[in-house]
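What follows is a short report on a single structure.
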Amino acid sequence: MEIELAGSYRAKWGEGPIWWSGMLYYVDIESHRVICFDPAGGEERLLEVGERVGAVVPRSRGGLVFVGDTGFHLLDEETGEQKPIVDPEPDKDDNRFNDGKCSPDGRLFAGTISLVKKEGDAALYELNPELGVREVFGGVTNSNGMAWSPDGKRVYYIDTPRREIWGFDYNSATGEWSNREVVVDTKHHDTSPDGMAMDAEGKVWVAFCHGGCVARFDVETGEELQRIDLPCVETTACTWGGENLDELYVTTGIHKSIVEEDAGRLFVIKGLGVKGMPANPFAG
C-alpha cells in the first residue's frame, strides 16, 4: 500500500470527491470552489461559485450540479456559468448544504448541516430528474456520508454527531428510504465520521474528521476491518478512482490550530487490493 499526494492544490476544507470520466472532482467549502483535477496530466481547474459549496456531482447530459449555501445549482464546467434550481431552506441562515450523492437511478440526495450545531435542525433532501425537490427526512444535525450497496437496494448514511452509520432499504422506483437501522457504531474512534464510499465487495470506507484516518467497515456485522492513518488530522471524505477504480482518493482540511505540512491536500491510496463502485451521475 502507498499513500501519495495528488495534484498541488491546498484546500481550506476539501470535501466531496467524486470520480467521473477520468477526472476527480471535489470542493473546497470555505474557499467557495469546485476543483476539477486531471490525474493523467496534472491539470487543476478551479471554478469559483461565490458561496460555500458542500458537494458536486456530474450530470449524465453534461455539466455539474452543486449544493451550497443557497441550495441546488446547475454548473457549466467549461464556462463556470451557474443557474439556481431550488433552495429548500431559504429561511435557515444558520444552515447550509453539506454532502450529497446520486443514487444509481439518477436522483441527487443532499443534506444540510446546522452551522450552530442546533440538534435536529437539518434534513436530507432529494432533487429528482425533473428538478423537483422533497424532504426525505429531518431531525438530523450534520448530514454527511452516503453510499449505495452494489445491487442498489440498500443505502447507508451518516449524521455525524451520532457517530454511527445508518442503513436503509432503498426503492429505486420511488426514491424512498425505509426501515432505518444502525449498522455500524463508530464511537470507538472518538472522532467524527464524515464522507463515505462503497467498495465492490459491499464494504464501506469512512473518513474520520479530526481523526486523521480512513476506516473500512462491514455493514452486515458492524466490524471494523481496516484502518489507514494519514498525515493530516482533518480527513474529510473519500472516493474510488483511477482507471480500474482501485485507488482511494481522500480529501482533507486545515485544522484551526495544528500546523501540518500536507493539511488541505488531496491524497491517493494505492495498492489496497480492493476496487470501488463507479459514481452515479444526476439524470436531470
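Following the order of the C-alpha cells, chains are lettered A, B, ..., residues in each are numbered from 1, and ligands are numbered from 1.
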For the helix (DSSP H, G or I) assignment from backbone DSSP, which residues of region 64-251 of chain A qualify? Please present them as number ranges by chain. A: 160-162, 187-189
Write out the residues from the selection above, keeping all heavy atoms, as a tab-separated table (two decimals), in the first residue's frame.
```
chain	number	residue	atom	x	y	z
A	160	THR	N	-23.32	12.99	11.35
A	160	THR	CA	-22.02	12.95	12.03
A	160	THR	C	-22.07	12.95	13.56
A	160	THR	O	-21.39	12.14	14.20
A	160	THR	CB	-21.13	14.08	11.51
A	160	THR	OG1	-20.76	13.79	10.15
A	160	THR	CG2	-19.86	14.23	12.33
A	161	PRO	N	-22.84	13.85	14.22
A	161	PRO	CA	-22.78	13.86	15.70
A	161	PRO	C	-23.22	12.57	16.36
A	161	PRO	O	-22.84	12.30	17.50
A	161	PRO	CB	-23.74	15.01	16.06
A	161	PRO	CG	-23.80	15.86	14.85
A	161	PRO	CD	-23.69	14.92	13.69
A	162	ARG	N	-23.99	11.73	15.66
A	162	ARG	CA	-24.44	10.47	16.24
A	162	ARG	C	-23.33	9.42	16.25
A	162	ARG	O	-23.42	8.41	16.96
A	162	ARG	CB	-25.65	9.93	15.48
A	162	ARG	CG	-26.87	10.85	15.54
A	162	ARG	CD	-27.99	10.33	14.64
A	162	ARG	NE	-29.07	11.29	14.51
A	162	ARG	CZ	-30.18	11.29	15.25
A	162	ARG	NH1	-30.34	10.36	16.19
A	162	ARG	NH2	-31.12	12.19	15.05
A	187	LYS	N	-18.27	4.84	17.57
A	187	LYS	CA	-17.88	5.63	18.75
A	187	LYS	C	-16.51	5.23	19.31
A	187	LYS	O	-15.90	6.01	20.05
A	187	LYS	CB	-18.95	5.53	19.83
A	187	LYS	CG	-20.28	6.15	19.42
A	187	LYS	CD	-21.30	6.07	20.54
A	187	LYS	CE	-22.64	6.64	20.12
A	187	LYS	NZ	-23.30	5.85	19.05
A	188	HIS	N	-16.03	4.05	18.96
A	188	HIS	CA	-14.70	3.65	19.45
A	188	HIS	C	-13.60	4.52	18.85
A	188	HIS	O	-12.48	4.52	19.35
A	188	HIS	CB	-14.44	2.17	19.12
A	188	HIS	CG	-14.45	1.84	17.66
A	188	HIS	ND1	-15.60	1.76	16.91
A	188	HIS	CD2	-13.43	1.58	16.80
A	188	HIS	CE1	-15.30	1.45	15.66
A	188	HIS	NE2	-13.99	1.34	15.57
A	189	HIS	N	-13.90	5.27	17.80
A	189	HIS	CA	-12.90	6.17	17.21
A	189	HIS	C	-12.77	7.48	17.97
A	189	HIS	O	-11.76	8.16	17.87
A	189	HIS	CB	-13.25	6.46	15.75
A	189	HIS	CG	-12.71	5.44	14.79
A	189	HIS	ND1	-11.47	5.54	14.22
A	189	HIS	CD2	-13.24	4.30	14.33
A	189	HIS	CE1	-11.25	4.49	13.43
A	189	HIS	NE2	-12.32	3.72	13.49
```
Tell me which protein, DNA and RNA residues are within 6 Å of Val67 (chain A), counting only C-alpha atoms, leaving out same-chain ones fewer than 4 positions away, and put them as a count of residues only. 6
For the interface of region 4-107 of chain A with region 259-268 of chain A (cut-off 6 Å, counting only C-alpha atoms), please tabulate each contacting residue of region 4-107 of chain A alongside its nearest pair of atoms and their separation in Å to one decimal, rows sorted by chain and increasing number, as a Markdown table.
```
| residue | atom | partner | partner_atom | distance |
| --- | --- | --- | --- | --- |
| A:Glu4 | CA | A:Val268 | CA | 5.3 |
| A:Leu5 | CA | A:Phe267 | CA | 4.5 |
| A:Ala6 | CA | A:Leu266 | CA | 5.4 |
| A:Arg10 | CA | A:Gly264 | CA | 4.8 |
| A:Ala11 | CA | A:Gly264 | CA | 4.5 |
| A:Lys12 | CA | A:Gly264 | CA | 5.8 |
```
DSSP strand (DSSP E) residues within region 72-160 of chain A, listed as number ranges by chain: A: 72-75, 82-86, 95-102, 108-114, 122-127, 133-140, 143-148, 154-159
Quick one: residues within 7 Å of Val56 (chain A), only C-alpha atoms, excluding same-chain residues fewer than 3 positions away - as a ChimeraX atom specification? /A:16,26-27,64-67
Write out as a PyMOL selection string which residues come within 12 Å of Thr251 (chain A) when counting only C-alpha atoms, dropping same-chain ones fewer than 2 positions away. chain A and resi 5-7+9-18+24-29+35+194-196+206-209+212-214+230-240+248-249+253-254+262-269
Of the candidates A:Glu220, A:Pro150, A:Lys117, A:Ser8, which shows the shortest atom-to-atom distance to Trp166 (chain A), using only C-alpha atoms?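 The shortest atom-to-atom distance to Trp166 (chain A) comes from A:Glu220.
Put simply, CA of Asp93 (chain A) is 22.2 Å away from CA of Val34 (chain A).
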Which residue out of A:Asp169, A:Asp246, A:Glu51, A:Asp91 has the minimum interatomic distance to His73 (chain A) when only C-alpha atoms are used?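 Answer, going by the shortest atom-to-atom distance: A:Glu51.
For the pair CA of Ile113 (chain A) and CA of Ser31 (chain A), the interatomic distance is 17.5 Å.
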So which one's closest to Trp177 (chain A), A:Val219, A:Leu115, A:Val86, A:Val155? Using only C-alpha atoms, please.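 Nearest candidate to Trp177 (chain A) out of A:Val219, A:Leu115, A:Val86, A:Val155: A:Val155.
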Using only C-alpha atoms, pick whichever of A:Asn244, A:Thr79, A:Asn128, A:Ser114 has the shortest atom-to-atom distance to Phe282 (chain A).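 Going through A:Asn244, A:Thr79, A:Asn128, A:Ser114 one by one, the smallest distance to Phe282 (chain A) is for A:Asn128.
Taking CA of Glu243 (chain A) and CA of Gly145 (chain A) as endpoints, the distance between them is 23.6 Å.
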Name the residues in contact with region 106-112 of chain A at a cut-off of 8 Å, using only C-alpha atoms, excluding same-chain residues fewer than 2 positions from it; report them as a count of residues only. 30
Taking into account only C-alpha atoms, which residue in the set A:Val116, A:Leu131, A:Met198, A:Val184 is nearest to Lys92 (chain A)?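 Of the candidates, the smallest distance to Lys92 (chain A) is held by A:Val116.
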Across A:Val274, A:Thr221, A:Arg163, A:Leu75, the smallest distance to Gly241 (chain A), with only C-alpha atoms counted, is shown by A:Val274
